[in-house]
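What's in protein-v1.cif: mmCIF, C-alpha atoms
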data_target
loop_
_atom_site.label_atom_id
_atom_site.label_comp_id
_atom_site.auth_asym_id
_atom_site.auth_seq_id
_atom_site.Cartn_x
_atom_site.Cartn_y
_atom_site.Cartn_z
CA MET A 26 0.00 0.00 0.00
CA ASN A 27 1.21 3.48 -0.83
CA ARG A 28 0.79 5.11 2.58
CA GLN A 29 1.28 8.62 1.27
CA PHE A 30 -1.53 8.18 -1.24
CA HIS A 31 -3.96 6.52 1.16
CA ASP A 32 -3.33 8.73 4.21
CA ARG A 33 -3.66 12.47 3.73
CA GLY A 34 -4.21 13.24 7.42
CA ILE A 35 -2.09 15.26 9.81
CA ILE A 36 0.36 12.47 10.62
CA ALA A 37 1.20 12.07 6.94
CA ARG A 38 1.63 15.84 6.56
CA TYR A 39 3.47 16.63 9.80
CA ARG A 40 5.17 13.38 10.76
CA GLU A 41 8.46 15.08 11.60
CA TYR A 42 6.73 17.27 14.22
CA LEU A 43 4.76 14.45 15.88
CA PRO A 44 5.68 11.65 18.33
CA VAL A 45 5.40 8.87 15.77
CA THR A 46 7.88 6.49 14.16
CA GLU A 47 7.82 4.06 11.25
CA ALA A 48 6.54 1.51 13.77
CA THR A 49 3.45 3.58 14.61
CA PRO A 50 0.31 2.12 12.98
CA VAL A 51 -1.33 5.29 11.67
CA VAL A 52 -5.07 5.48 12.36
CA SER A 53 -6.40 8.29 10.22
CA LEU A 54 -9.61 9.55 8.63
CA ASP A 55 -7.79 12.18 6.55
CA GLU A 56 -8.37 14.81 9.23
CA GLY A 57 -6.97 18.33 9.11
CA SER A 58 -6.54 20.61 6.09
CA THR A 59 -9.62 22.53 7.23
CA PRO A 60 -10.38 25.85 5.51
CA LEU A 61 -9.14 29.20 6.75
CA ILE A 62 -11.98 31.41 5.56
CA TYR A 63 -11.68 35.17 5.12
CA SER A 64 -14.55 37.03 6.81
CA PRO A 65 -15.31 40.27 4.95
CA ARG A 66 -17.97 41.48 7.39
CA LEU A 67 -15.92 40.90 10.53
CA SER A 68 -12.92 42.48 8.81
CA ALA A 69 -14.98 45.58 8.01
CA MET A 70 -16.17 45.77 11.62
CA VAL A 71 -12.62 45.62 12.99
CA SER A 72 -11.58 48.17 10.29
CA ARG A 73 -8.09 49.76 10.27
CA GLY A 74 -7.24 47.54 7.30
CA CYS A 75 -7.33 44.42 9.48
CA GLU A 76 -8.18 41.01 8.06
CA VAL A 77 -10.25 38.47 10.01
CA TYR A 78 -10.13 34.78 9.16
CA VAL A 79 -12.00 31.85 10.69
CA LYS A 80 -10.39 28.41 11.01
CA TYR A 81 -13.39 26.15 10.42
CA GLU A 82 -12.59 22.97 12.33
CA GLY A 83 -16.17 21.77 11.94
CA LEU A 84 -15.13 20.24 8.61
CA ASN A 85 -12.98 17.56 10.22
CA PRO A 86 -14.28 13.98 9.77
CA THR A 87 -16.42 13.87 12.93
CA GLY A 88 -17.23 17.58 12.81
CA SER A 89 -14.81 19.03 15.36
CA PHE A 90 -11.18 19.87 16.06
CA LYS A 91 -10.92 16.83 18.34
CA ASP A 92 -10.04 14.62 15.37
CA ARG A 93 -6.58 16.21 15.12
CA GLY A 94 -5.57 15.02 18.56
CA MET A 95 -7.44 11.74 18.33
CA THR A 96 -5.58 10.43 15.28
CA VAL A 97 -2.32 10.70 17.23
CA ALA A 98 -3.74 9.45 20.54
CA ILE A 99 -5.40 6.38 19.01
CA SER A 100 -2.40 5.61 16.79
CA LYS A 101 -0.12 5.63 19.84
CA ALA A 102 -2.61 3.60 21.88
CA VAL A 103 -2.64 0.89 19.19
CA GLU A 104 1.16 1.01 18.98
CA GLU A 105 1.29 0.40 22.74
CA GLY A 106 -1.02 -2.62 22.39
CA SER A 107 -4.21 -1.15 23.82
CA GLN A 108 -7.43 -2.96 22.99
CA ALA A 109 -9.67 -0.27 24.51
CA VAL A 110 -9.70 3.47 25.09
CA ILE A 111 -11.71 5.57 27.53
CA CYS A 112 -12.62 9.23 27.76
CA ALA A 113 -14.78 11.71 29.59
CA SER A 114 -16.61 14.03 27.27
CA THR A 115 -19.01 16.91 26.79
CA GLY A 116 -19.67 15.39 23.37
CA ASN A 117 -17.03 16.12 20.73
CA THR A 118 -14.30 14.03 22.34
CA SER A 119 -16.66 11.06 22.55
CA ALA A 120 -17.48 11.32 18.85
CA ALA A 121 -13.82 11.52 17.83
CA ALA A 122 -12.66 8.80 20.21
CA ALA A 123 -15.41 6.44 19.09
CA ALA A 124 -14.78 7.06 15.40
CA TYR A 125 -11.02 6.56 15.56
CA ALA A 126 -11.39 3.54 17.83
CA ALA A 127 -13.78 2.03 15.29
CA ARG A 128 -11.26 2.79 12.56
CA ALA A 129 -8.56 1.02 14.61
CA GLY A 130 -10.76 -1.94 15.48
CA ILE A 131 -10.60 -1.42 19.24
CA SER A 132 -13.22 -0.70 21.90
CA CYS A 133 -14.21 2.73 23.18
CA ILE A 134 -15.80 3.61 26.53
CA VAL A 135 -17.28 7.06 27.05
CA LEU A 136 -18.35 8.69 30.33
CA LEU A 137 -20.80 11.57 29.87
CA PRO A 138 -22.61 13.91 32.26
CA ALA A 139 -26.23 12.69 32.26
CA GLY A 140 -28.58 14.98 30.36
CA LYS A 141 -25.85 17.48 29.45
CA ILE A 142 -24.80 16.29 25.98
CA ALA A 143 -26.03 17.67 22.66
CA MET A 144 -27.95 15.03 20.72
CA GLY A 145 -25.86 15.40 17.56
CA LYS A 146 -22.77 14.33 19.48
CA LEU A 147 -24.44 11.57 21.46
CA VAL A 148 -25.80 9.97 18.29
CA GLN A 149 -22.29 9.94 16.83
CA ALA A 150 -20.85 8.06 19.80
CA PHE A 151 -23.60 5.42 19.53
CA MET A 152 -23.26 5.03 15.77
CA TYR A 153 -19.49 4.61 15.96
CA GLY A 154 -20.06 1.74 18.41
CA ALA A 155 -18.88 3.19 21.70
CA LYS A 156 -20.13 1.98 25.05
CA VAL A 157 -21.69 5.14 26.47
CA VAL A 158 -22.20 5.59 30.22
CA ALA A 159 -24.09 8.61 31.59
CA ILE A 160 -22.97 9.46 35.11
CA ASP A 161 -24.79 11.40 37.79
CA GLY A 162 -22.36 14.33 37.75
CA ASN A 163 -20.67 16.87 35.50
CA PHE A 164 -17.71 16.63 33.12
CA ASP A 165 -15.18 17.14 35.90
CA ASP A 166 -16.66 14.16 37.77
CA ALA A 167 -16.45 12.10 34.58
CA LEU A 168 -12.79 13.02 34.06
CA ARG A 169 -11.98 12.14 37.67
CA LEU A 170 -13.48 8.68 37.15
CA VAL A 171 -11.60 8.24 33.88
CA ARG A 172 -8.33 9.05 35.64
CA GLU A 173 -9.14 6.48 38.34
CA ILE A 174 -10.10 3.77 35.85
CA GLY A 175 -7.13 4.48 33.59
CA GLY A 176 -4.82 4.19 36.58
CA THR A 177 -5.86 0.62 37.40
CA GLU A 178 -7.34 -0.94 34.25
CA PRO A 179 -5.80 -1.90 30.86
CA VAL A 180 -7.33 0.98 28.91
CA SER A 181 -5.76 4.09 27.36
CA ILE A 182 -7.10 7.51 28.34
CA VAL A 183 -7.64 9.69 25.28
CA ASN A 184 -8.71 12.93 26.94
CA SER A 185 -6.44 15.94 26.51
CA ILE A 186 -4.54 14.91 29.64
CA ASN A 187 -2.97 12.50 27.15
CA PRO A 188 -0.10 14.57 25.68
CA HIS A 189 -0.55 12.96 22.27
CA ARG A 190 -3.85 14.81 21.94
CA ILE A 191 -2.13 18.19 22.29
CA GLU A 192 0.50 17.11 19.76
CA GLY A 193 -2.14 16.44 17.15
CA GLN A 194 -4.13 19.57 17.85
CA LYS A 195 -1.10 21.84 17.43
CA THR A 196 -1.13 21.07 13.69
CA ALA A 197 -3.97 23.58 13.19
CA ALA A 198 -1.44 26.33 13.97
CA PHE A 199 0.90 24.84 11.37
CA GLU A 200 -1.82 25.04 8.72
CA ILE A 201 -2.60 28.67 9.56
CA ILE A 202 1.05 29.68 9.25
CA GLU A 203 1.36 27.84 5.93
CA GLU A 204 -1.73 29.53 4.51
CA LEU A 205 -1.01 33.06 5.76
CA GLY A 206 2.73 32.86 5.20
CA GLY A 207 3.29 33.53 8.91
CA ALA A 208 1.49 33.66 12.22
CA PRO A 209 -1.51 35.97 12.70
CA ASP A 210 -1.19 38.96 15.00
CA LEU A 211 -4.08 37.84 17.20
CA HIS A 212 -5.66 34.41 17.63
CA ILE A 213 -9.03 34.09 19.39
CA LEU A 214 -10.38 30.79 20.71
CA PRO A 215 -13.19 29.37 22.85
CA VAL A 216 -11.82 27.92 26.09
CA GLY A 217 -13.31 24.93 27.87
CA ASN A 218 -10.91 22.21 28.96
CA ALA A 219 -8.18 24.54 27.63
CA GLY A 220 -6.34 21.95 25.56
CA ASN A 221 -6.90 23.79 22.30
CA ILE A 222 -5.40 27.16 23.26
CA THR A 223 -2.51 25.19 24.77
CA ALA A 224 -2.03 23.24 21.55
CA TYR A 225 -2.22 26.22 19.19
CA TRP A 226 0.40 28.08 21.20
CA LYS A 227 2.65 25.01 21.14
CA GLY A 228 2.26 24.80 17.38
CA TYR A 229 3.05 28.47 16.89
CA LEU A 230 6.13 28.18 19.09
CA GLU A 231 7.43 25.14 17.20
CA PHE A 232 7.04 26.64 13.72
CA HIS A 233 8.54 29.91 14.97
CA ALA A 234 11.55 28.01 16.31
CA LYS A 235 11.93 26.29 12.92
CA GLY A 236 11.90 29.64 11.14
CA ARG A 237 8.54 28.97 9.51
CA SER A 238 7.15 32.17 11.05
CA SER A 239 8.95 35.36 12.01
CA SER A 240 6.44 36.31 14.71
CA LEU A 241 4.09 34.91 17.31
CA PRO A 242 0.43 35.82 17.89
CA ARG A 243 -1.24 37.13 20.99
CA MET A 244 -3.63 34.45 22.29
CA LEU A 245 -7.07 35.60 23.41
CA GLY A 246 -9.37 33.04 25.02
CA PHE A 247 -13.06 33.34 25.84
CA GLN A 248 -14.96 31.26 28.38
CA ALA A 249 -18.70 31.15 28.85
CA ALA A 250 -19.72 33.40 31.73
CA GLY A 251 -21.28 30.49 33.62
CA ALA A 252 -18.24 28.25 33.16
CA ALA A 253 -15.22 30.51 33.55
CA PRO A 254 -12.76 29.04 36.06
CA ILE A 255 -9.64 30.46 34.38
CA TYR A 256 -11.13 33.95 34.14
CA HIS A 257 -12.22 33.90 37.81
CA ASP A 258 -9.13 31.93 38.90
CA ARG A 259 -11.18 29.40 40.83
CA ILE A 260 -12.86 26.06 40.19
CA VAL A 261 -16.53 26.34 39.23
CA PRO A 262 -18.30 23.38 40.93
CA ASN A 263 -21.47 23.54 38.81
CA PRO A 264 -20.68 25.14 35.45
CA GLU A 265 -23.66 26.15 33.33
CA THR A 266 -23.81 27.45 29.77
CA VAL A 267 -25.74 26.81 26.58
CA ALA A 268 -22.34 26.10 24.98
CA SER A 269 -22.12 22.50 26.18
CA ALA A 270 -18.67 21.86 24.68
CA ILE A 271 -17.09 24.39 27.06
CA ARG A 272 -19.27 23.63 30.09
CA ILE A 273 -16.24 22.74 32.23
CA GLY A 274 -15.45 23.97 35.73
CA ASN A 275 -11.94 22.61 36.26
CA PRO A 276 -9.97 22.53 32.98
CA ALA A 277 -7.39 19.78 32.58
CA SER A 278 -4.99 22.14 30.76
CA TRP A 279 -5.56 25.12 33.07
CA GLN A 280 -1.91 25.83 33.85
CA GLN A 281 -0.71 25.34 30.28
CA ALA A 282 -3.43 27.66 28.96
CA THR A 283 -2.57 30.30 31.54
CA ALA A 284 1.06 30.10 30.45
CA ALA A 285 0.10 30.45 26.77
CA ILE A 286 -1.96 33.56 27.51
CA ARG A 287 0.77 35.08 29.69
CA ASP A 288 3.69 34.28 27.39
CA SER A 289 1.87 35.56 24.30
CA HIS A 290 0.82 38.79 26.04
CA GLY A 291 -2.79 37.80 25.48
CA ALA A 292 -5.81 37.68 27.76
CA ILE A 293 -8.74 35.59 29.00
CA ASP A 294 -12.26 37.01 29.12
CA ILE A 295 -15.89 35.86 29.26
CA VAL A 296 -18.94 36.07 27.03
CA THR A 297 -22.56 35.50 28.04
CA ASP A 298 -24.83 32.85 26.57
CA LEU A 299 -26.80 35.58 24.84
CA GLU A 300 -23.63 36.92 23.23
CA ILE A 301 -22.68 33.39 22.14
CA LEU A 302 -26.07 32.73 20.52
CA ASP A 303 -26.09 36.14 18.84
CA ALA A 304 -22.64 35.38 17.40
CA GLN A 305 -23.79 31.96 16.22
CA ARG A 306 -26.69 33.55 14.30
CA PHE A 307 -24.43 36.31 12.96
CA LEU A 308 -21.91 33.85 11.58
CA ALA A 309 -24.57 31.69 9.94
CA SER A 310 -26.75 34.46 8.52
CA ARG A 311 -23.99 36.91 7.53
CA GLU A 312 -21.11 34.64 6.56
CA GLY A 313 -22.83 31.34 5.71
CA ILE A 314 -20.93 29.36 8.35
CA PHE A 315 -22.92 27.20 10.78
CA VAL A 316 -21.18 26.31 14.05
CA GLU A 317 -22.18 24.89 17.40
CA PRO A 318 -22.61 27.41 20.26
CA ALA A 319 -19.20 26.80 21.85
CA SER A 320 -17.49 27.61 18.54
CA ALA A 321 -19.28 30.94 18.42
CA ALA A 322 -17.60 32.00 21.68
CA SER A 323 -14.59 33.16 19.67
CA ILE A 324 -16.78 35.32 17.42
CA ALA A 325 -18.73 36.59 20.43
CA GLY A 326 -15.40 37.50 21.97
CA LEU A 327 -14.26 39.44 18.92
CA LEU A 328 -17.57 41.31 18.80
CA LYS A 329 -17.19 42.09 22.51
CA CYS A 330 -13.71 43.45 21.80
CA LEU A 331 -15.29 45.83 19.31
CA GLY A 332 -17.91 47.02 21.80
CA LYS A 333 -17.82 49.68 24.46
CA GLN A 334 -17.21 47.34 27.42
CA ARG A 335 -13.77 46.08 26.51
CA CYS A 336 -11.74 44.16 29.10
CA ALA A 337 -8.87 46.07 30.70
CA VAL A 338 -6.18 43.84 29.18
CA CYS A 339 -7.80 43.29 25.76
CA PRO A 340 -4.97 42.83 23.21
CA LEU A 341 -7.04 44.06 20.25
CA PRO A 342 -6.09 47.75 20.62
CA ALA A 343 -2.42 46.73 20.70
CA ILE A 344 -2.41 45.13 17.26
CA PRO A 345 -1.24 47.30 14.37
CA GLU A 346 -3.17 48.52 11.37
CA GLY A 347 -3.47 45.83 8.73
CA ALA A 348 -3.20 43.11 11.37
CA ARG A 349 -4.40 39.58 10.73
CA ILE A 350 -6.81 38.02 13.21
CA VAL A 351 -7.80 34.34 13.31
CA CYS A 352 -10.83 32.98 15.17
CA THR A 353 -11.06 29.23 15.72
CA LEU A 354 -14.47 27.65 15.12
CA THR A 355 -14.23 24.33 16.92
CA GLY A 356 -17.30 22.38 15.81
CA HIS A 357 -20.01 22.11 13.17
CA GLY A 358 -23.48 23.49 13.86
CA LEU A 359 -25.13 20.09 13.35
CA LYS A 360 -23.38 18.94 16.52
CA ASP A 361 -26.09 20.72 18.52
CA PRO A 362 -29.21 21.03 16.34
CA ASP A 363 -31.63 21.46 19.24
CA ILE A 364 -30.13 24.79 20.34
CA ALA A 365 -30.19 26.04 16.76
CA ARG A 366 -33.78 24.91 16.23
CA GLU A 367 -34.93 26.89 19.24
CA GLN A 368 -33.67 30.10 17.63
CA CYS A 369 -34.64 29.51 14.01
CA GLY A 370 -37.63 30.87 12.15
CA ARG A 371 -40.66 28.64 11.71
CA ILE A 372 -41.70 26.80 8.55
CA ILE A 373 -44.36 28.77 6.70
CA PRO A 374 -47.31 26.61 5.55
CA ALA A 375 -48.86 27.39 2.16
CA LYS A 376 -51.12 26.00 -0.52
CA ALA A 377 -49.43 24.52 -3.58
CA GLU A 378 -50.24 27.63 -5.62
CA LYS A 379 -47.86 30.23 -7.05
CA ALA A 380 -50.04 33.20 -6.08
CA GLU A 381 -50.22 31.98 -2.48
CA ILE A 382 -46.45 31.54 -2.27
CA MET A 383 -45.72 34.93 -3.86
CA LYS A 384 -48.04 36.58 -1.36
CA LEU A 385 -46.07 35.04 1.52
CA LEU A 386 -42.73 36.03 0.01
#

Would you mind writing the file's structure down as structure tokens?
Amino acid sequence: MNRQFHDRGIIARYREYLPVTEATPVVSLDEGSTPLIYSPRLSAMVSRGCEVYVKYEGLNPTGSFKDRGMTVAISKAVEEGSQAVICASTGNTSAAAAAYAARAGISCIVLLPAGKIAMGKLVQAFMYGAKVVAIDGNFDDALRLVREIGGTEPVSIVNSINPHRIEGQKTAAFEIIEELGGAPDLHILPVGNAGNITAYWKGYLEFHAKGRSSSLPRMLGFQAAGAAPIYHDRIVPNPETVASAIRIGNPASWQQATAAIRDSHGAIDIVTDLEILDAQRFLASREGIFVEPASAASIAGLLKCLGKQRCAVCPLPAIPEGARIVCTLTGHGLKDPDIAREQCGRIIPAKAEKAEIMKLL
């Protein structure tokens, strides 16, 4: 088999930057290579000649950025002889873990907070063949149990506490640098478990060290107001937000994310659920890009930066004219169709007659 022809995923593209060898059995679904889309309306709103781009990770195989880390984590798990993997999830991790486990021919166990998972994600986990367990608790409880089980049982943990996940996710930063010809001036991300902002910063640092970029971006993260432990600098015991993917009260990558924000001269801030849903509608209706609520936190954050109530350490005013801004969109809108349906217009009934339809239009 010609591996290069059959595997066009991130391991094939970035093997030299990843913890794999010729002995690693690559488990891939051709993830990565997601579009970096120019946003004319957001660019006009920022003005000063700035350009805004969105990195649309919802076009990965299972519909979220999690696939980048999962191809590396599952490949390494198989290399190490694992016959089963386990994860805690708010939804996207479960979909990615189940899909890549199915691809590898091994078992997948998922622990979810009961009643807190978007249906689009839950259906994926079932269809990919995972054993799904809903616990009486939140994501942080689920991750605690996964740590305990992984410490005593012959299963591999594939949450972002597994360093291979971060290694895979950093490749999104590589792609941005390749497409722009260098790093952006400002990168804005949603922050939940904080692995993604950690991974992007790692990717930017590595390509900068290799001379692939002459600069580094400021990293700006946004948490949902009801689930903002990093912003408030304290664990949130019962996080609540409509953005289920970032409904996390004790992020696994808290310290690494804090370091990324500090070292990049960036900031962490919050957006309300209303701001998130407004941004989700804006992006769909004005730019034609449909994302799940958590993804829209980055857009909500940018819009907040343009408003009157800017945070005291907002890095946006510090970027120069003509700056390039990237917002990560972490997951596809079909991941959480129920939230979208609640905000959409209603179907208009009509008779099967042209005159009747024209009257309604």

Subject >> the PyMOL selection byres ((chain A and resi 362-365) around 8) applied to the shown file, residues as JSON, numbers by chain >> reply: {"A": [143, 144, 145, 267, 318, 358, 359, 360, 361, 366, 367, 368, 369]}

Original post:
Expanded to explicit residues, what is the PyMOL selection byres ((chain A and resi 291) around 12) for this file, as a ChimeraX atom specification?
Top reply: /A:210-214,222,226,241-247,282-290,292-294,336-344

Subject >> Selection under test: the PyMOL selection byres ((chain A and resi 80) around 12); residues as number ranges by chain >> reply: A: 57-64, 77-79, 81-85, 89-90, 197-202, 204-205, 209, 212-214, 225, 314, 316, 320-321, 323-324, 350-357

Output C-alpha atoms of each residue in that selection to a file, as an mmCIF file, in the coordinates of the input.
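So the final result, stored in again_3.cif, reads:
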data_model
loop_
_atom_site.group_PDB
_atom_site.id
_atom_site.type_symbol
_atom_site.label_atom_id
_atom_site.label_comp_id
_atom_site.auth_asym_id
_atom_site.auth_seq_id
_atom_site.Cartn_x
_atom_site.Cartn_y
_atom_site.Cartn_z
ATOM 1 C CA GLY A 57 -6.970 18.330 9.110
ATOM 2 C CA SER A 58 -6.540 20.610 6.090
ATOM 3 C CA THR A 59 -9.620 22.530 7.230
ATOM 4 C CA PRO A 60 -10.380 25.850 5.510
ATOM 5 C CA LEU A 61 -9.140 29.200 6.750
ATOM 6 C CA ILE A 62 -11.980 31.410 5.560
ATOM 7 C CA TYR A 63 -11.680 35.170 5.120
ATOM 8 C CA SER A 64 -14.550 37.030 6.810
ATOM 9 C CA VAL A 77 -10.250 38.470 10.010
ATOM 10 C CA TYR A 78 -10.130 34.780 9.160
ATOM 11 C CA VAL A 79 -12.000 31.850 10.690
ATOM 12 C CA TYR A 81 -13.390 26.150 10.420
ATOM 13 C CA GLU A 82 -12.590 22.970 12.330
ATOM 14 C CA GLY A 83 -16.170 21.770 11.940
ATOM 15 C CA LEU A 84 -15.130 20.240 8.610
ATOM 16 C CA ASN A 85 -12.980 17.560 10.220
ATOM 17 C CA SER A 89 -14.810 19.030 15.360
ATOM 18 C CA PHE A 90 -11.180 19.870 16.060
ATOM 19 C CA ALA A 197 -3.970 23.580 13.190
ATOM 20 C CA ALA A 198 -1.440 26.330 13.970
ATOM 21 C CA PHE A 199 0.900 24.840 11.370
ATOM 22 C CA GLU A 200 -1.820 25.040 8.720
ATOM 23 C CA ILE A 201 -2.600 28.670 9.560
ATOM 24 C CA ILE A 202 1.050 29.680 9.250
ATOM 25 C CA GLU A 204 -1.730 29.530 4.510
ATOM 26 C CA LEU A 205 -1.010 33.060 5.760
ATOM 27 C CA PRO A 209 -1.510 35.970 12.700
ATOM 28 C CA HIS A 212 -5.660 34.410 17.630
ATOM 29 C CA ILE A 213 -9.030 34.090 19.390
ATOM 30 C CA LEU A 214 -10.380 30.790 20.710
ATOM 31 C CA TYR A 225 -2.220 26.220 19.190
ATOM 32 C CA ILE A 314 -20.930 29.360 8.350
ATOM 33 C CA VAL A 316 -21.180 26.310 14.050
ATOM 34 C CA SER A 320 -17.490 27.610 18.540
ATOM 35 C CA ALA A 321 -19.280 30.940 18.420
ATOM 36 C CA SER A 323 -14.590 33.160 19.670
ATOM 37 C CA ILE A 324 -16.780 35.320 17.420
ATOM 38 C CA ILE A 350 -6.810 38.020 13.210
ATOM 39 C CA VAL A 351 -7.800 34.340 13.310
ATOM 40 C CA CYS A 352 -10.830 32.980 15.170
ATOM 41 C CA THR A 353 -11.060 29.230 15.720
ATOM 42 C CA LEU A 354 -14.470 27.650 15.120
ATOM 43 C CA THR A 355 -14.230 24.330 16.920
ATOM 44 C CA GLY A 356 -17.300 22.380 15.810
ATOM 45 C CA HIS A 357 -20.010 22.110 13.170
#

Original post:
If you measure from CA of Glu41 in chain A to CA of Ala102 in chain A, what distance in Å do you get, rounded to one decimal?
Top reply: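 Between CA of Glu41 in chain A and CA of Ala102 in chain A the gap works out to 19.0 Å.
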
List every protein, DNA or RNA residue that has an atom no more than 9 Å from (-19.4, 24.5, 32.4) in the file's coordinate frame, counting only C-alpha atoms, and report them as a PDB file with C-alpha atoms, in the coordinates of the input.
ATOM      1  CA  ASN A 163     -20.670  16.870  35.500  1.00  0.00           C
ATOM      2  CA  PHE A 164     -17.710  16.630  33.120  1.00  0.00           C
ATOM      3  CA  GLY A 217     -13.310  24.930  27.870  1.00  0.00           C
ATOM      4  CA  ALA A 249     -18.700  31.150  28.850  1.00  0.00           C
ATOM      5  CA  ALA A 250     -19.720  33.400  31.730  1.00  0.00           C
ATOM      6  CA  GLY A 251     -21.280  30.490  33.620  1.00  0.00           C
ATOM      7  CA  ALA A 252     -18.240  28.250  33.160  1.00  0.00           C
ATOM      8  CA  ALA A 253     -15.220  30.510  33.550  1.00  0.00           C
ATOM      9  CA  PRO A 254     -12.760  29.040  36.060  1.00  0.00           C
ATOM     10  CA  VAL A 261     -16.530  26.340  39.230  1.00  0.00           C
ATOM     11  CA  PRO A 262     -18.300  23.380  40.930  1.00  0.00           C
ATOM     12  CA  ASN A 263     -21.470  23.540  38.810  1.00  0.00           C
ATOM     13  CA  PRO A 264     -20.680  25.140  35.450  1.00  0.00           C
ATOM     14  CA  GLU A 265     -23.660  26.150  33.330  1.00  0.00           C
ATOM     15  CA  THR A 266     -23.810  27.450  29.770  1.00  0.00           C
ATOM     16  CA  VAL A 267     -25.740  26.810  26.580  1.00  0.00           C
ATOM     17  CA  ALA A 268     -22.340  26.100  24.980  1.00  0.00           C
ATOM     18  CA  SER A 269     -22.120  22.500  26.180  1.00  0.00           C
ATOM     19  CA  ALA A 270     -18.670  21.860  24.680  1.00  0.00           C
ATOM     20  CA  ILE A 271     -17.090  24.390  27.060  1.00  0.00           C
ATOM     21  CA  ARG A 272     -19.270  23.630  30.090  1.00  0.00           C
ATOM     22  CA  ILE A 273     -16.240  22.740  32.230  1.00  0.00           C
ATOM     23  CA  GLY A 274     -15.450  23.970  35.730  1.00  0.00           C
ATOM     24  CA  ASN A 275     -11.940  22.610  36.260  1.00  0.00           C
TER      25      ASN A 275
END

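Closest approach to Arg73 in chain A from the set A:Glu346, A:Arg169, A:Pro138, A:Ala224 is made by A:Glu346, with distances taken over all atoms listed in the file.
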
Subject >> Residue contacts of Ile174 in chain A (12 Å, only C-alpha atoms) excluding same-chain residues fewer than 6 positions away, as a list of chain:residue names >> reply: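 Neighbouring residues, sequence-local ones excluded: A:Val110, A:Ile111, A:Cys112, A:Ala113, A:Ile134, A:Val135, A:Leu136, A:Ala167, A:Leu168, A:Val180, A:Ser181, A:Ile182.
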
Original post:
Distance CA of Arg66 in chain A-CA of Pro345 in chain A, one decimal place?
Top reply: 19.0 Å

Name all residues at most 12 Å from Pro374 in chain A (count only C-alpha atoms; drop same-chain ones fewer than 5 positions away) and give them as a short mmCIF file (atom, residue, chain, number, x, y, z; two decimals) with C-alpha atoms, in the coordinates of the input.
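Generated file (selection-v1.cif):
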data_model
loop_
_atom_site.label_atom_id
_atom_site.label_comp_id
_atom_site.auth_asym_id
_atom_site.auth_seq_id
_atom_site.Cartn_x
_atom_site.Cartn_y
_atom_site.Cartn_z
CA GLU A 381 -50.22 31.98 -2.48
CA ILE A 382 -46.45 31.54 -2.27
CA LEU A 385 -46.07 35.04 1.52
CA LEU A 386 -42.73 36.03 0.01
#

**OP:** Fewer than 4 positions away in the same chain doesn't count, so skip those; otherwise give me all residues within 9 Å of range 42-48 of chain A, counting all atoms listed in the file, as a list of chain:residue names.
**Re:** A:Ile36, A:Val97, A:Ser100, A:Lys101, A:Glu104, A:His189, A:Glu192, A:Gly193, A:Thr196, A:Glu231
